[in-house]
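Participant: My questions will all concern the structure given below.
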Amino acid sequence: MRLLEYQAKQIFKNYGIPIPKGEVAKSIEEVEKIAEKFNGKVVLKAQVLVGGRGKSGGVRKATSVNEAKKIATELFGYNIKGHIVKKLLVEEMLEIKSEFYAGFTIDRSSKSIVAILSTMGGMDVEEVAAKYPQKIAKQKIDPRWGLWDYNLRNLLKNSSSPKELWSDLSDILRKLYNIMISYEAELVEINPLALTPQGLVAADARLNIDDNAIFRKKELFEMREITEESEIEKEAIKFGLNYVQLKGNVGIIANGAGMAMATMDLIKIMGGEPANFLDVGGGASKEVVEKAIEIITKSGVKSIFINIFGGITRCDEVAKGIVDALNRQKIGIPIIVRLSGTNEEEGKNILKKLKNIIVVNEMEEGAKIAVDLAR
Amino acid sequence: MRLLEYQAKQIFKNYGIPIPKGEVAKSIEEVEKIAEKFNGKVVLKAQVLVGGRGKSGGVRKATSVNEAKKIATELFGYNIKGHIVKKLLVEEMLEIKSEFYAGFTIDRSSKSIVAILSTMGGMDVEEVAAKYPQKIAKQKIDPRWGLWDYNLRNLLKNSSSPKELWSDLSDILRKLYNIMISYEAELVEINPLALTPQGLVAADARLNIDDNAIFRKKELFEMREITEESEIEKEAIKFGLNYVQLKGNVGIIANGAGMAMATMDLIKIMGGEPANFLDVGGGASKEVVEKAIEIITKSGVKSIFINIFGGITRCDEVAKGIVDALNRQKIGIPIIVRLSGTNEEEGKNILKKLKNIIVVNEMEEGAKIAVDLAR
Amino acid sequence: MIFLSIIVDENTKVVVQGITGKQGSFHTQRMLSYGTKIVAGTSPGKGGSEILGIPIYDTIEEAVKESKANTSIIFVPAPFAADAVMEAAEANLSVIVCITEGIPVHDELKFYWKVKEKGAILVGPNCPGIISPGKTHVGIMPTHVFKRGNVGVVSRSGTLTYQISYNLTRLGIGQSTVIGIGGDRITGLSFVEVLEMFEKDEETEVVVMIGEIGGRDEEIAAEFIKDMSKPIVGYIAGLTAPPEKRMGHAGAIVEGGVGSAESKIAALKKSGVEVGKTPMEVAEIVARKMKR
Amino acid sequence: MIFLSIIVDENTKVVVQGITGKQGSFHTQRMLSYGTKIVAGTSPGKGGSEILGIPIYDTIEEAVKESKANTSIIFVPAPFAADAVMEAAEANLSVIVCITEGIPVHDELKFYWKVKEKGAILVGPNCPGIISPGKTHVGIMPTHVFKRGNVGVVSRSGTLTYQISYNLTRLGIGQSTVIGIGGDRITGLSFVEVLEMFEKDEETEVVVMIGEIGGRDEEIAAEFIKDMSKPIVGYIAGLTAPPEKRMGHAGAIVEGGVGSAESKIAALKKSGVEVGKTPMEVAEIVARKMKR
């Protein structure tokens, strides 16, 4: 779960990290009010969960209230890579002397948390890493012992950060780490961490929380409501489905992320275009399967390929979900079903009674039919 | 630093551990007021930091307000092993069905925290451990990973605690552990942990905080003021001296706890009685040495043996402290000084100019003279 | 000399953690049917009773003491699964198979190191377990798709493991050991560790490695494969996954070009690994290799 | 074959952590005078400068890289000392001598395991360090009381170590290595670990073990001594310490009879150890043993 910038900044502020003065606006009137407080010298930032927001024109500067209003008019409703701008963060314009990158994430190779610091903030950190690897300092933080000052000293030293900023940078890094741990984050990041005449300020804020840990953080349930998943994606989340909408016309339902991806790849190989990624997870109930069919159907696909290889998932349960979906929903498109694995025979027996369903034995065969029928 | 029962109970309460209803009283009037709230059915507990308080008559039960007042009259000012009772904790009388012992401490052998649980609470836990070792369940808690539920399950299982109490006991143990960690305790203990018709209640509470960690816990400074060290001990603490008053007449000042104890032992071997333990610590300044002499002199000893073997402590600094003490204080008793180690010659040179000081080369010699002069 | 499969075999004695749960009891039954030696189960508070003829204990400590189990399989729900792994490691089990999906990654960071320190093997979490066809099955796999033979299979994806093993079996090719290392960011075993075991395993002639986008584990494995004597056949899922979209598994995130399917396939090919485009093709490549 | 002393010798290359502090610079000067090879110092923020001709670095990582130090000595104040130990362990130093007194015990619990995992030797904390007379001195001891010879000394108390070594030297008896393991509850080295090293050390003929009340380390050592070939002479401080009174060291608490001076002396005697009643007597017993 990724938080919107303004949500993340609020948390950063609660942990004592300096952030720019500013407020969230949902209307031109609100933008005007906020901009007036700063004599019109503001930055307007679209609150959407999209990478490269700046390059897409989602971050704009104004030097007067009128200009701020004009920019706001342009930004509200603006479509950035499929995300519609509904909220703007309106902030004071910072006087930036230099920009750092500071963050923590999880390093799967070393099974540790890794602290990252760079004096080349403001850019895409992957780009910096590719072009100037020596400009990205990293330190492993052993999860058993947590963050110690020496980790920070090594990081500061290797990043060639100016010594007069060591103490302030350490302070911010320590607080960021506390957020990383308290919120069970996958990623916490300040980019840019701006050096201003008033000191270091988190000009941007990113906080990605481990979805698996959200059950322990009740206060985040509410925040999640606000984050801009599409309506259809929100519904999928409610049912525990891993769903990502894409641009093709062959709908896919599979169990397991690997199988779902392999199915997408197969659709492509067969000459089609996958309309989505949808993993019903392990041991899906018939309700979940029914919901999955409903979601995919809504998204306007031409055919649906249900590809199940049951381990913890039972084929008979999946078949029951298909039956329920067909009984309760109006589905005008062909459904191709492939069931293998746990309780395969029982599942196939259930499906036998149904019309409008094409049952296949092999995934390659199913993918081919689904692609052909979507043309 | 050991907290008084009522201080520890307040912390336990803040962490969600049930404690009996009650209040602290400093006068008979206050006792009366509190006792009235409970219709006179109260327990009066002397707030002194002494082991075996109960056996010494420091814990008494009343069944009427008048009885409570009578007991309070006896208890206020009562001397329990040298500690004068100034405060009473007056609590509701619990209806106790059975008593547990629950605690955490540091296990120096296994370099871990150890959880302890026993169904034979209410007694001296060392006594239980000696007589019924199988009745004391212990679990090591690895400091790297902290407390996990499985540690508690193993503890509960091995303690033969009734299963219907597992959940409540776990809850209390988890909270106790949180106190152990947050307060950097050396020992946290509930004995007895009473099973009442209303559930488990911490009938007593003990919390010993690591003196070395108190610098990180500002809120404890104030509590320490209240704990009943003698005035002279409080002053010693202020100067970083490790001082314990004893009953003999030969005052001792040494550097290092081992050396101080060895010096005490030597006084005894020479036929004398040590009046105190006093360790000036490593690298003591002349101010600290001067203070040490002042404290010992005040306690009414017959002679003082200053036994220093300097490593990080410099003999010249110690000598300067002795000079200052003699210049500023009226000291009517003989001081025997033995200086060896770092800057020994410089120290001895400083002392050469002084009268009233007996300088010796060997500790055995110094101890003998100190004992002889104290007779 | 007997031919031992890797990690588990017919002498493996299993304790099931969370044996009374829906998944736990269902799969215990299935494993028993396959012939797996299940000697104990745990379910805190239910110690002293039994299920499917298997004695239940409150703690692993007790279960191990009484049953001499050396391997555990975990069906405990995600919020409590980390504790179950820690408990199994503390009880000195040599193999811990964690089926549970959805464990918080910060929990995984902790138990990874505990298991490591204890010198145990952790299979998973979020995995289908491990099977040595004809010997034992410590997992949730549809056992009928496997057949005893000489291909080792290691995979990050459960269902793809079944799919490709099924394809192999259909071509008459059996498996020595099939192991799902799990799809989470933090897994107990890496590809390299399993490849190393297969390289030494006398039963294994060819190894199938099933990867997916995210992380660098396949790239690291590609380096290791350069020094292996046995042929490896690869499959990587996620060629059509759009960058920066979450594909379900915490592990399946394309992180700015690093860990893309293209990068993994290129790395494997560079080490001489033939990579199949579809599960079927993987099986066909293996068939060719086996004939030589 | 050369005779090596235990833990440190003339080839030990030392980095001083906290070299610019009052204690750090004072004792660096003293160690240098003794001939200790001090090759680097650290003082965060002061890297690039030097003191007493020794280069200062911001981090141990850098200091080790530049100076090839293999041993560190820590003078960092208590609130920061745990971090210094962690840093030294992380930098793979093989010996870490922590002089600092007053470190919180929960900090000690953490770095103990870090040092252990790294396979380093931690001397201290709250200790006088270690000296191999005539070779090197990594500590704060008054060096003039020592003399090269064949008695190993291990002690929980700093000043008692000097006292007894002084008594030995006065009787003409030199020391192979003198090591203060520290007076805190949690120490890097136990008596047993040091006794084991002395047992193997060709330079050491007799060992003096100086204990005090609190804990069970002396009792455990007594068990170990039963299997040692070299004679041990003991001293235990605290016979007159009243029970339940804190005697300064966190370690020096009498815990309900366990760990009393009487219990320790009895355990040692049971293992054939002669225990001196005064420091002087300890030296006299050693003198007798050496004559044989």
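Labels used: A, B, ... for chains in the order of the structure tokens, numbers from 1 for residues in each chain, and numbers from 1 for ligands as shown.
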Output as CSV one row per residue of chain B within 8 Å of chain D: the closest atom pair and its distance in Å to one decimal place, counting only C-alpha atoms, sorted by chain and residue number ascending.
Facilitator:
residue,atom,partner,partner_atom,distance
B:Arg108,CA,D:Ile186,CA,5.7
B:Ser109,CA,D:Arg216,CA,7.3
B:Lys111,CA,D:Leu109,CA,6.1
B:Ser112,CA,D:Leu109,CA,6.6
B:Glu126,CA,D:Gly256,CA,6.6
B:Pro143,CA,D:Lys110,CA,6.2
B:Arg144,CA,D:Lys110,CA,6.5
B:Ile181,CA,D:His106,CA,8.0
B:Glu184,CA,D:His106,CA,6.4
B:Glu186,CA,D:Val105,CA,7.9
B:Asp210,CA,D:Pro104,CA,6.7
B:Asp211,CA,D:Pro104,CA,7.7
B:Asn212,CA,D:Pro104,CA,4.7
B:Ala213,CA,D:Pro104,CA,4.9
B:Asn242,CA,D:Gly248,CA,5.1
B:Tyr243,CA,D:Gly248,CA,7.6
B:Val244,CA,D:Met247,CA,7.2
B:Asn255,CA,D:Thr159,CA,7.0
B:Gly256,CA,D:Thr159,CA,6.0
B:Ala257,CA,D:Gly248,CA,5.7
B:Gly258,CA,D:Ser157,CA,5.1
B:Met259,CA,D:Leu160,CA,5.3
B:Met261,CA,D:Gly238,CA,4.9
B:Ala262,CA,D:Ala237,CA,5.0
B:Met264,CA,D:Thr240,CA,6.4
B:Asp265,CA,D:Thr240,CA,5.5
B:Leu266,CA,D:Thr278,CA,6.8
B:Lys268,CA,D:Thr240,CA,7.4
B:Phe277,CA,D:Met247,CA,7.0
B:Asp279,CA,D:Gly248,CA,6.9
B:Gly282,CA,D:Glu101,CA,7.9
B:Phe309,CA,D:Thr159,CA,5.7
B:Gly310,CA,D:Pro142,CA,6.8
B:Gly311,CA,D:Met141,CA,4.8
B:Ile312,CA,D:Ile140,CA,5.8
B:Gly341,CA,D:Pro142,CA,5.1
B:Thr342,CA,D:Pro142,CA,5.3
B:Glu364,CA,D:Met280,CA,7.9
Participant: Write out as a ChimeraX atom specification each polymer residue whose atoms come within 8 Å of D:Thr177, counting only C-alpha atoms; drop sequence neighbours fewer than 2 positions from it.
Facilitator: /D:5-6,130-133,151-153,175,179
Participant: Using only all heavy atoms, please write the residues we just selected to a file, as a PDB file, in the first residue's frame.
Facilitator:
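Final output, out-v7.pdb:
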ATOM      1  N   SER D   5      51.779 -15.060  23.296  1.00  0.00           N
ATOM      2  CA  SER D   5      50.908 -14.831  24.444  1.00  0.00           C
ATOM      3  C   SER D   5      49.468 -14.914  23.949  1.00  0.00           C
ATOM      4  O   SER D   5      49.220 -14.975  22.756  1.00  0.00           O
ATOM      5  CB  SER D   5      51.199 -13.459  25.050  1.00  0.00           C
ATOM      6  OG  SER D   5      51.360 -12.504  24.039  1.00  0.00           O
ATOM      7  N   ILE D   6      48.550 -14.931  24.909  1.00  0.00           N
ATOM      8  CA  ILE D   6      47.169 -15.087  24.467  1.00  0.00           C
ATOM      9  C   ILE D   6      46.554 -13.730  24.077  1.00  0.00           C
ATOM     10  O   ILE D   6      46.902 -12.711  24.630  1.00  0.00           O
ATOM     11  CB  ILE D   6      46.289 -15.815  25.523  1.00  0.00           C
ATOM     12  CG1 ILE D   6      46.050 -14.929  26.739  1.00  0.00           C
ATOM     13  CG2 ILE D   6      46.927 -17.132  25.950  1.00  0.00           C
ATOM     14  CD1 ILE D   6      44.972 -15.475  27.656  1.00  0.00           C
ATOM     15  N   ILE D 130      44.212  -5.479  28.702  1.00  0.00           N
ATOM     16  CA  ILE D 130      45.037  -6.678  28.669  1.00  0.00           C
ATOM     17  C   ILE D 130      46.492  -6.274  28.439  1.00  0.00           C
ATOM     18  O   ILE D 130      46.774  -5.336  27.699  1.00  0.00           O
ATOM     19  CB  ILE D 130      44.499  -7.631  27.558  1.00  0.00           C
ATOM     20  CG1 ILE D 130      45.320  -8.903  27.419  1.00  0.00           C
ATOM     21  CG2 ILE D 130      44.403  -6.940  26.213  1.00  0.00           C
ATOM     22  CD1 ILE D 130      44.607  -9.958  26.574  1.00  0.00           C
ATOM     23  N   ILE D 131      47.373  -6.979  29.110  1.00  0.00           N
ATOM     24  CA  ILE D 131      48.806  -6.694  28.909  1.00  0.00           C
ATOM     25  C   ILE D 131      49.568  -8.010  28.782  1.00  0.00           C
ATOM     26  O   ILE D 131      49.283  -8.982  29.495  1.00  0.00           O
ATOM     27  CB  ILE D 131      49.378  -5.839  30.073  1.00  0.00           C
ATOM     28  CG1 ILE D 131      50.833  -5.432  29.771  1.00  0.00           C
ATOM     29  CG2 ILE D 131      49.270  -6.556  31.420  1.00  0.00           C
ATOM     30  CD1 ILE D 131      51.373  -4.377  30.724  1.00  0.00           C
ATOM     31  N   SER D 132      50.469  -8.045  27.816  1.00  0.00           N
ATOM     32  CA  SER D 132      51.431  -9.125  27.760  1.00  0.00           C
ATOM     33  C   SER D 132      52.780  -8.454  28.028  1.00  0.00           C
ATOM     34  O   SER D 132      53.361  -7.849  27.136  1.00  0.00           O
ATOM     35  CB  SER D 132      51.421  -9.797  26.386  1.00  0.00           C
ATOM     36  OG  SER D 132      50.287 -10.604  26.258  1.00  0.00           O
ATOM     37  N   PRO D 133      53.214  -8.503  29.282  1.00  0.00           N
ATOM     38  CA  PRO D 133      54.359  -7.673  29.693  1.00  0.00           C
ATOM     39  C   PRO D 133      55.545  -7.818  28.745  1.00  0.00           C
ATOM     40  O   PRO D 133      55.880  -8.923  28.316  1.00  0.00           O
ATOM     41  CB  PRO D 133      54.687  -8.189  31.094  1.00  0.00           C
ATOM     42  CG  PRO D 133      53.374  -8.700  31.622  1.00  0.00           C
ATOM     43  CD  PRO D 133      52.689  -9.290  30.417  1.00  0.00           C
ATOM     44  N   VAL D 151      53.227 -16.416  34.665  1.00  0.00           N
ATOM     45  CA  VAL D 151      51.954 -16.542  35.376  1.00  0.00           C
ATOM     46  C   VAL D 151      50.879 -15.809  34.584  1.00  0.00           C
ATOM     47  O   VAL D 151      51.045 -14.641  34.246  1.00  0.00           O
ATOM     48  CB  VAL D 151      52.057 -15.974  36.810  1.00  0.00           C
ATOM     49  CG1 VAL D 151      50.681 -15.996  37.491  1.00  0.00           C
ATOM     50  CG2 VAL D 151      53.066 -16.767  37.614  1.00  0.00           C
ATOM     51  N   GLY D 152      49.818 -16.514  34.282  1.00  0.00           N
ATOM     52  CA  GLY D 152      48.672 -15.870  33.641  1.00  0.00           C
ATOM     53  C   GLY D 152      47.744 -15.345  34.705  1.00  0.00           C
ATOM     54  O   GLY D 152      47.520 -16.019  35.711  1.00  0.00           O
ATOM     55  N   VAL D 153      47.225 -14.138  34.506  1.00  0.00           N
ATOM     56  CA  VAL D 153      46.300 -13.560  35.491  1.00  0.00           C
ATOM     57  C   VAL D 153      44.997 -13.201  34.791  1.00  0.00           C
ATOM     58  O   VAL D 153      45.018 -12.547  33.747  1.00  0.00           O
ATOM     59  CB  VAL D 153      46.902 -12.297  36.163  1.00  0.00           C
ATOM     60  CG1 VAL D 153      45.915 -11.697  37.165  1.00  0.00           C
ATOM     61  CG2 VAL D 153      48.238 -12.625  36.828  1.00  0.00           C
ATOM     62  N   GLN D 175      54.625 -12.178  34.577  1.00  0.00           N
ATOM     63  CA  GLN D 175      53.327 -12.601  34.037  1.00  0.00           C
ATOM     64  C   GLN D 175      53.415 -12.829  32.527  1.00  0.00           C
ATOM     65  O   GLN D 175      54.112 -12.109  31.820  1.00  0.00           O
ATOM     66  CB  GLN D 175      52.258 -11.544  34.326  1.00  0.00           C
ATOM     67  CG  GLN D 175      52.064 -11.231  35.810  1.00  0.00           C
ATOM     68  CD  GLN D 175      53.027 -10.139  36.303  1.00  0.00           C
ATOM     69  OE1 GLN D 175      53.348  -9.212  35.553  1.00  0.00           O
ATOM     70  NE2 GLN D 175      53.511 -10.257  37.536  1.00  0.00           N
ATOM     71  N   ILE D 179      44.840 -10.263  32.118  1.00  0.00           N
ATOM     72  CA  ILE D 179      43.624  -9.826  31.444  1.00  0.00           C
ATOM     73  C   ILE D 179      42.498  -9.555  32.432  1.00  0.00           C
ATOM     74  O   ILE D 179      42.206 -10.367  33.314  1.00  0.00           O
ATOM     75  CB  ILE D 179      43.193 -10.874  30.376  1.00  0.00           C
ATOM     76  CG1 ILE D 179      41.870 -10.487  29.732  1.00  0.00           C
ATOM     77  CG2 ILE D 179      43.114 -12.274  30.949  1.00  0.00           C
ATOM     78  CD1 ILE D 179      41.583 -11.291  28.492  1.00  0.00           C
TER      79      ILE D 179
END
Participant: Please identify the alpha helix (DSSP H) residues within stretch 97-318 of chain B (assignment by DSSP from backbone atoms) and present them as a PyMOL selection string.
Facilitator: chain B and resi 125-131+149-159+166-182+218-226+231-238+257-269+286-298+315-318
Participant: Write out as a PyMOL selection string which residues come within 6 Å of A:Leu89 when counting only C-alpha atoms, dropping same-chain ones fewer than 2 positions away.
Facilitator: chain A and resi 23-24+44-45
Participant: Keeping N, CA and C atoms, export the residues of the selection given above as an mmCIF file, in the first residue's frame.
Facilitator:
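Result written to part-v5.cif:
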data_model
loop_
_atom_site.group_PDB
_atom_site.id
_atom_site.type_symbol
_atom_site.label_atom_id
_atom_site.label_comp_id
_atom_site.auth_asym_id
_atom_site.auth_seq_id
_atom_site.Cartn_x
_atom_site.Cartn_y
_atom_site.Cartn_z
ATOM 1 N N GLU A 23 -0.963 22.855 2.453
ATOM 2 C CA GLU A 23 -2.224 22.177 2.735
ATOM 3 C C GLU A 23 -2.739 21.479 1.478
ATOM 4 N N VAL A 24 -3.680 20.565 1.695
ATOM 5 C CA VAL A 24 -4.299 19.873 0.568
ATOM 6 C C VAL A 24 -5.536 20.641 0.126
ATOM 7 N N LEU A 44 2.351 23.519 -6.679
ATOM 8 C CA LEU A 44 1.117 22.733 -6.705
ATOM 9 C C LEU A 44 1.474 21.317 -7.138
ATOM 10 N N LYS A 45 1.106 20.352 -6.316
ATOM 11 C CA LYS A 45 1.516 18.977 -6.592
ATOM 12 C C LYS A 45 0.298 18.050 -6.660
#
Participant: Restricting the calculation to only C-alpha atoms, which member of D:Lys116, D:Ser229, D:Val64, D:Val194 is positioned closest to chain C?
Facilitator: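 Nearest to chain C: D:Lys116.
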Participant: Any idea what's packed within 12 Å of B:Tyr15, counting only C-alpha atoms, ignoring anything in its chain fewer than 6 positions away? Could you give it as a list in words?
Facilitator: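 Within the cut-off, the hits are Ala8, Lys9, Asp171, Ile172, Leu173, Arg174, Lys175, Leu176, Tyr177, Asn178, Ile179, Met180, Ser182 and Tyr183 of chain B.
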Participant: Give me a file of those residues, with all heavy atoms, as a compact mmCIF listing (two decimals), in the first residue's frame.
Facilitator:
# COMPACT_ATOMS: atom_id res chain seq x y z
N ALA B 8 6.29 1.42 41.37
CA ALA B 8 6.30 0.33 40.39
C ALA B 8 4.87 0.01 39.96
O ALA B 8 4.60 -0.20 38.77
CB ALA B 8 6.97 -0.91 40.99
N LYS B 9 3.95 0.00 40.93
CA LYS B 9 2.56 -0.32 40.59
C LYS B 9 1.96 0.70 39.64
O LYS B 9 1.16 0.35 38.77
CB LYS B 9 1.72 -0.43 41.87
CG LYS B 9 1.80 -1.81 42.50
CD LYS B 9 0.84 -1.97 43.67
CE LYS B 9 0.81 -3.43 44.12
NZ LYS B 9 0.24 -3.59 45.46
N ASP B 171 -0.89 -12.40 28.63
CA ASP B 171 -1.11 -10.97 28.50
C ASP B 171 -0.29 -10.20 29.53
O ASP B 171 0.39 -9.22 29.21
CB ASP B 171 -2.61 -10.73 28.69
CG ASP B 171 -2.98 -9.31 28.36
OD1 ASP B 171 -2.63 -8.87 27.26
OD2 ASP B 171 -3.59 -8.63 29.21
N ILE B 172 -0.32 -10.66 30.76
CA ILE B 172 0.42 -9.97 31.82
C ILE B 172 1.92 -10.11 31.60
O ILE B 172 2.68 -9.16 31.77
CB ILE B 172 -0.01 -10.50 33.20
CG1 ILE B 172 -1.40 -9.92 33.53
CG2 ILE B 172 1.00 -10.15 34.29
CD1 ILE B 172 -2.02 -10.46 34.80
N LEU B 173 2.35 -11.29 31.21
CA LEU B 173 3.79 -11.50 30.97
C LEU B 173 4.29 -10.60 29.84
O LEU B 173 5.38 -10.04 29.91
CB LEU B 173 4.07 -12.97 30.66
CG LEU B 173 4.01 -13.91 31.88
CD1 LEU B 173 3.84 -15.36 31.44
CD2 LEU B 173 5.28 -13.77 32.73
N ARG B 174 3.47 -10.47 28.79
CA ARG B 174 3.87 -9.63 27.66
C ARG B 174 4.03 -8.18 28.11
O ARG B 174 4.97 -7.50 27.74
CB ARG B 174 2.81 -9.75 26.55
CG ARG B 174 3.38 -10.06 25.20
CD ARG B 174 2.29 -10.23 24.15
NE ARG B 174 1.88 -11.62 24.01
CZ ARG B 174 0.66 -12.09 24.26
NH1 ARG B 174 -0.32 -11.29 24.67
NH2 ARG B 174 0.41 -13.37 24.07
N LYS B 175 3.12 -7.73 28.94
CA LYS B 175 3.18 -6.36 29.43
C LYS B 175 4.38 -6.17 30.36
O LYS B 175 5.06 -5.15 30.33
CB LYS B 175 1.88 -6.00 30.14
CG LYS B 175 0.73 -5.80 29.15
CD LYS B 175 -0.62 -5.80 29.83
CE LYS B 175 -1.72 -5.56 28.80
NZ LYS B 175 -3.07 -5.81 29.37
N LEU B 176 4.63 -7.17 31.20
CA LEU B 176 5.80 -7.12 32.09
C LEU B 176 7.08 -7.02 31.27
O LEU B 176 8.00 -6.26 31.61
CB LEU B 176 5.87 -8.39 32.93
CG LEU B 176 5.39 -8.39 34.37
CD1 LEU B 176 5.83 -9.68 35.04
CD2 LEU B 176 5.93 -7.20 35.15
N TYR B 177 7.12 -7.79 30.19
CA TYR B 177 8.32 -7.76 29.33
C TYR B 177 8.47 -6.37 28.70
O TYR B 177 9.60 -5.85 28.62
CB TYR B 177 8.20 -8.83 28.24
CG TYR B 177 9.38 -8.84 27.29
CD1 TYR B 177 10.59 -9.42 27.66
CD2 TYR B 177 9.30 -8.22 26.04
CE1 TYR B 177 11.68 -9.41 26.80
CE2 TYR B 177 10.38 -8.22 25.17
CZ TYR B 177 11.56 -8.81 25.56
OH TYR B 177 12.64 -8.80 24.70
N ASN B 178 7.36 -5.79 28.28
CA ASN B 178 7.44 -4.45 27.71
C ASN B 178 8.02 -3.46 28.72
O ASN B 178 8.81 -2.58 28.36
CB ASN B 178 6.06 -3.95 27.25
CG ASN B 178 5.58 -4.70 26.03
OD1 ASN B 178 6.37 -5.36 25.35
ND2 ASN B 178 4.29 -4.64 25.76
N ILE B 179 7.65 -3.62 29.98
CA ILE B 179 8.20 -2.76 31.03
C ILE B 179 9.70 -3.03 31.17
O ILE B 179 10.51 -2.12 31.25
CB ILE B 179 7.48 -2.99 32.37
CG1 ILE B 179 6.01 -2.56 32.25
CG2 ILE B 179 8.17 -2.26 33.51
CD1 ILE B 179 5.13 -2.99 33.43
N MET B 180 10.06 -4.30 31.19
CA MET B 180 11.47 -4.71 31.30
C MET B 180 12.31 -4.00 30.24
O MET B 180 13.39 -3.48 30.53
CB MET B 180 11.56 -6.23 31.12
CG MET B 180 12.96 -6.81 31.13
SD MET B 180 13.55 -7.11 32.82
CE MET B 180 15.21 -7.74 32.48
N SER B 182 11.30 -1.31 28.08
CA SER B 182 11.15 0.15 28.02
C SER B 182 11.91 0.83 29.15
O SER B 182 12.49 1.88 28.96
CB SER B 182 9.68 0.55 28.14
OG SER B 182 8.93 -0.06 27.15
N TYR B 183 11.87 0.23 30.33
CA TYR B 183 12.54 0.85 31.47
C TYR B 183 13.96 0.33 31.66
O TYR B 183 14.61 0.67 32.63
CB TYR B 183 11.71 0.65 32.75
CG TYR B 183 10.54 1.60 32.82
CD1 TYR B 183 9.32 1.28 32.24
CD2 TYR B 183 10.68 2.86 33.40
CE1 TYR B 183 8.26 2.18 32.27
CE2 TYR B 183 9.64 3.76 33.44
CZ TYR B 183 8.42 3.41 32.87
OH TYR B 183 7.39 4.31 32.90
Participant: Any idea what's packed within 7 Å of A:Leu117, counting only C-alpha atoms, ignoring anything in its chain fewer than 5 positions away? Could you give it as number ranges by chain?
Facilitator: A: 101-103, 136-138, 155, 159
Participant: Expressed in Å to a single decimal, how great is the separation between atom CA of B:Ile19 and atom CA of B:Leu200?
Facilitator: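 Going from atom CA of B:Ile19 over to atom CA of B:Leu200, I get 8.7 Å.
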Participant: Which value, in Å to one decimal, gives the distance between atom CA of D:Tyr34 and atom CA of D:Ile121?
Facilitator: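 Distance between the two atoms: 22.5 Å.
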Participant: Could you list, as an MDAnalysis selection string, every residue within 7 Å of A:Val250, counting only C-alpha atoms and ignoring same-chain residues fewer than 5 positions away?
Facilitator: chainID A and resid 273:275 301:304 370:371 374
Participant: Output N, CA, C and O atoms for every residue in the selection just made, as a compact mmCIF listing (two decimals), in the first residue's frame.
Facilitator:
# COMPACT_ATOMS: atom_id res chain seq x y z
N GLU A 273 -3.95 -10.07 -26.37
CA GLU A 273 -3.50 -9.06 -25.40
C GLU A 273 -4.21 -9.29 -24.08
O GLU A 273 -5.44 -9.21 -24.00
N PRO A 274 -3.48 -9.56 -23.02
CA PRO A 274 -4.14 -9.76 -21.72
C PRO A 274 -4.82 -8.48 -21.23
O PRO A 274 -4.25 -7.39 -21.36
N ALA A 275 -6.02 -8.61 -20.71
CA ALA A 275 -6.78 -7.46 -20.23
C ALA A 275 -6.49 -7.16 -18.77
O ALA A 275 -6.85 -6.11 -18.26
N VAL A 301 -14.15 -7.11 -21.27
CA VAL A 301 -13.28 -7.99 -22.07
C VAL A 301 -14.12 -8.78 -23.08
O VAL A 301 -15.35 -8.80 -23.01
N LYS A 302 -13.40 -9.44 -24.01
CA LYS A 302 -14.11 -10.19 -25.06
C LYS A 302 -14.20 -11.69 -24.75
O LYS A 302 -15.01 -12.40 -25.33
N SER A 303 -13.29 -12.16 -23.93
CA SER A 303 -13.34 -13.56 -23.49
C SER A 303 -12.61 -13.66 -22.16
O SER A 303 -11.84 -12.77 -21.81
N ILE A 304 -12.93 -14.72 -21.41
CA ILE A 304 -12.26 -14.92 -20.12
C ILE A 304 -11.62 -16.30 -20.09
O ILE A 304 -12.27 -17.29 -20.43
N ALA A 370 -9.16 -18.74 -26.12
CA ALA A 370 -9.54 -17.44 -25.55
C ALA A 370 -9.12 -16.30 -26.48
O ALA A 370 -9.86 -15.34 -26.69
N VAL A 371 -7.92 -16.42 -27.05
CA VAL A 371 -7.43 -15.38 -27.97
C VAL A 371 -8.27 -15.37 -29.24
O VAL A 371 -8.71 -14.30 -29.70
N ALA A 374 -11.64 -13.79 -28.80
CA ALA A 374 -11.63 -12.36 -28.46
C ALA A 374 -11.44 -11.48 -29.68
O ALA A 374 -11.58 -10.27 -29.64
